Amino acid sequence: MKVQVINKSSNPLPQYETPQSAGMDLRADLWALNEKFLFGAQIVRNVDNTIDCVQILPGGRALIPTELYTAIPMGYEVQVRPRSGLALKHGITVLNTPGTIDADYRNGWGVILMNNDLRNSFKIYQGDRIAQAVLAKVE
């Protein structure tokens with residue numbers, strides 16, 4: 001099945017890492033970040049005022065844009081799921097897991113990440129793999 005994807009980010013299109021992968025990795029596009037969607041998170045800037053990273057404080061959350069836009073076929077959805085390595089090693093999860101992108105949604109995809117580690121902050125950089133996307137049939 002073909003899904004039309006418009007990629008407005010500087011990141012590569014999502015792809016399956018192995019032939020048996022169920023999900024494709026989604027990457028952060030910090031250039032499209034909206035500060036009003038940071039809760040217990042902050043932008044860290046370089047000396048030239050460009051964005052270096054987003055730091056999610058312990059217990060904080062942030063909507064991280066991907067700048068992917070799609071036309072998902074009717075009868076399907078995309079499920080946005082946590083990456084197990086981020087969850088295990090850093091306590092980072094997708095807050096509304098699985099997040100759902102409906103077939104009629106045409107805005108840019110965003111991933112709501114939460115830092116469940118109550119001691120350490122977590123930094124997200126441009127192009128970091130932040131979640132997985134799984135195309136699923138809706139019954």
# chains A, B, ... in the order shown; residues from 1 in each chain; ligands from 1

call {"tool": "residues_around", "arguments": {"residues": "region 12-21 of chain A", "least_positions_apart": "5", "cutoff": "10 Å", "atoms": "only C-alpha atoms", "output": "ChimeraX atom specification"}}
result
/A:5-7,26-27,68,127,129,132-134

call {"tool": "closest_atom_pairs", "arguments": {"of": "region 14-39 of chain A", "to": "region 70-83 of chain A", "cutoff": "10 Å", "atoms": "only C-alpha atoms", "output": "tab-separated table"}}
result
residue	atom	partner	partner_atom	distance
A:Gly23	CA	A:Arg81	CA	8.5
A:Met24	CA	A:Val80	CA	9.5
A:Asp25	CA	A:Arg83	CA	8.2
A:Leu26	CA	A:Val80	CA	8.7

call {"tool": "closest_atom_pairs", "arguments": {"of": "region 30-71 of chain A", "to": "region 89-98 of chain A", "cutoff": "12 Å", "atoms": "only C-alpha atoms", "output": "tab-separated table"}}
result
residue	atom	partner	partner_atom	distance
A:Gln55	CA	A:Ile92	CA	11.8
A:Ile56	CA	A:Ile92	CA	9.3
A:Leu57	CA	A:Ile92	CA	10.9
A:Pro58	CA	A:Gly91	CA	9.4
A:Gly59	CA	A:Gly91	CA	9.7
A:Gly60	CA	A:Ile92	CA	10.0
A:Arg61	CA	A:Leu95	CA	8.0
A:Ala62	CA	A:Leu95	CA	9.4
A:Leu63	CA	A:Val94	CA	9.8
A:Ile64	CA	A:Val94	CA	10.4

call {"tool": "write_last_selection", "arguments": {"atoms": "all heavy atoms", "output": "mmCIF file, in the first residue's frame"}}
result
data_model
loop_
_atom_site.group_PDB
_atom_site.id
_atom_site.type_symbol
_atom_site.label_atom_id
_atom_site.label_comp_id
_atom_site.auth_asym_id
_atom_site.auth_seq_id
_atom_site.Cartn_x
_atom_site.Cartn_y
_atom_site.Cartn_z
ATOM 1 N N GLN A 55 15.370 20.289 26.044
ATOM 2 C CA GLN A 55 15.657 19.552 27.270
ATOM 3 C C GLN A 55 14.338 19.334 28.007
ATOM 4 O O GLN A 55 13.677 20.297 28.401
ATOM 5 C CB GLN A 55 16.627 20.337 28.138
ATOM 6 C CG GLN A 55 16.992 19.641 29.414
ATOM 7 C CD GLN A 55 18.074 20.403 30.175
ATOM 8 O OE1 GLN A 55 18.759 21.250 29.630
ATOM 9 N NE2 GLN A 55 18.213 20.094 31.434
ATOM 10 N N ILE A 56 13.971 18.052 28.160
ATOM 11 C CA ILE A 56 12.758 17.720 28.908
ATOM 12 C C ILE A 56 13.196 17.426 30.336
ATOM 13 O O ILE A 56 13.966 16.497 30.595
ATOM 14 C CB ILE A 56 12.012 16.514 28.306
ATOM 15 C CG1 ILE A 56 11.671 16.769 26.835
ATOM 16 C CG2 ILE A 56 10.729 16.248 29.101
ATOM 17 C CD1 ILE A 56 10.978 15.607 26.150
ATOM 18 N N LEU A 57 12.720 18.236 31.249
ATOM 19 C CA LEU A 57 13.084 18.110 32.651
ATOM 20 C C LEU A 57 12.398 16.887 33.265
ATOM 21 O O LEU A 57 11.420 16.360 32.700
ATOM 22 C CB LEU A 57 12.694 19.386 33.393
ATOM 23 C CG LEU A 57 13.303 20.672 32.820
ATOM 24 C CD1 LEU A 57 12.709 21.899 33.505
ATOM 25 C CD2 LEU A 57 14.807 20.651 32.928
ATOM 26 N N PRO A 58 12.859 16.421 34.417
ATOM 27 C CA PRO A 58 12.207 15.277 35.069
ATOM 28 C C PRO A 58 10.704 15.536 35.246
ATOM 29 O O PRO A 58 10.299 16.585 35.748
ATOM 30 C CB PRO A 58 12.920 15.196 36.421
ATOM 31 C CG PRO A 58 14.287 15.743 36.144
ATOM 32 C CD PRO A 58 14.039 16.866 35.163
ATOM 33 N N GLY A 59 9.891 14.590 34.770
ATOM 34 C CA GLY A 59 8.431 14.721 34.840
ATOM 35 C C GLY A 59 7.829 15.629 33.794
ATOM 36 O O GLY A 59 6.612 15.773 33.734
ATOM 37 N N GLY A 60 8.645 16.239 32.921
ATOM 38 C CA GLY A 60 8.155 17.177 31.918
ATOM 39 C C GLY A 60 7.687 16.483 30.650
ATOM 40 O O GLY A 60 7.872 15.281 30.452
ATOM 41 N N ARG A 61 7.075 17.285 29.768
ATOM 42 C CA ARG A 61 6.605 16.763 28.491
ATOM 43 C C ARG A 61 6.709 17.850 27.436
ATOM 44 O O ARG A 61 6.753 19.034 27.749
ATOM 45 C CB ARG A 61 5.171 16.251 28.612
ATOM 46 C CG ARG A 61 4.160 17.293 28.975
ATOM 47 C CD ARG A 61 2.821 16.687 29.377
ATOM 48 N NE ARG A 61 1.817 17.685 29.635
ATOM 49 C CZ ARG A 61 1.686 18.368 30.772
ATOM 50 N NH1 ARG A 61 2.527 18.173 31.752
ATOM 51 N NH2 ARG A 61 0.731 19.267 30.911
ATOM 52 N N ALA A 62 6.742 17.404 26.175
ATOM 53 C CA ALA A 62 6.876 18.344 25.067
ATOM 54 C C ALA A 62 6.297 17.737 23.802
ATOM 55 O O ALA A 62 6.393 16.528 23.589
ATOM 56 C CB ALA A 62 8.350 18.683 24.847
ATOM 57 N N LEU A 63 5.697 18.582 22.972
ATOM 58 C CA LEU A 63 5.239 18.169 21.654
ATOM 59 C C LEU A 63 6.391 18.417 20.693
ATOM 60 O O LEU A 63 6.766 19.563 20.429
ATOM 61 C CB LEU A 63 4.001 18.948 21.222
ATOM 62 C CG LEU A 63 3.468 18.628 19.836
ATOM 63 C CD1 LEU A 63 2.991 17.180 19.760
ATOM 64 C CD2 LEU A 63 2.345 19.577 19.460
ATOM 65 N N ILE A 64 6.968 17.334 20.177
ATOM 66 C CA ILE A 64 8.118 17.420 19.284
ATOM 67 C C ILE A 64 7.631 17.222 17.850
ATOM 68 O O ILE A 64 7.087 16.173 17.513
ATOM 69 C CB ILE A 64 9.184 16.359 19.638
ATOM 70 C CG1 ILE A 64 9.587 16.466 21.114
ATOM 71 C CG2 ILE A 64 10.381 16.480 18.706
ATOM 72 C CD1 ILE A 64 10.241 17.770 21.497
#

call {"tool": "decode", "arguments": {"residues": "region 46-71 of chain A", "atoms": "C-alpha atoms", "output": "JSON list (two decimals), in the first residue's frame"}}
result
[["chain", "number", "residue", "atom", "x", "y", "z"],
["A", 46, "ASN", "CA", 23.52, 28.03, 20.71],
["A", 47, "VAL", "CA", 25.52, 31.27, 20.99],
["A", 48, "ASP", "CA", 24.03, 32.40, 17.64],
["A", 49, "ASN", "CA", 20.50, 31.87, 19.13],
["A", 50, "THR", "CA", 19.73, 28.81, 16.96],
["A", 51, "ILE", "CA", 18.18, 25.80, 18.66],
["A", 52, "ASP", "CA", 20.71, 23.32, 19.99],
["A", 53, "CYS", "CA", 18.23, 20.93, 21.63],
["A", 54, "VAL", "CA", 15.08, 20.58, 23.69],
["A", 55, "GLN", "CA", 15.66, 19.55, 27.27],
["A", 56, "ILE", "CA", 12.76, 17.72, 28.91],
["A", 57, "LEU", "CA", 13.08, 18.11, 32.65],
["A", 58, "PRO", "CA", 12.21, 15.28, 35.07],
["A", 59, "GLY", "CA", 8.43, 14.72, 34.84],
["A", 60, "GLY", "CA", 8.16, 17.18, 31.92],
["A", 61, "ARG", "CA", 6.60, 16.76, 28.49],
["A", 62, "ALA", "CA", 6.88, 18.34, 25.07],
["A", 63, "LEU", "CA", 5.24, 18.17, 21.65],
["A", 64, "ILE", "CA", 8.12, 17.42, 19.28],
["A", 65, "PRO", "CA", 7.36, 18.10, 15.60],
["A", 66, "THR", "CA", 8.41, 15.80, 12.76],
["A", 67, "GLU", "CA", 7.31, 17.99, 9.84],
["A", 68, "LEU", "CA", 5.78, 14.95, 8.14],
["A", 69, "TYR", "CA", 2.42, 15.38, 6.41],
["A", 70, "THR", "CA", 0.41, 12.45, 5.03],
["A", 71, "ALA", "CA", -2.69, 11.29, 3.24]]
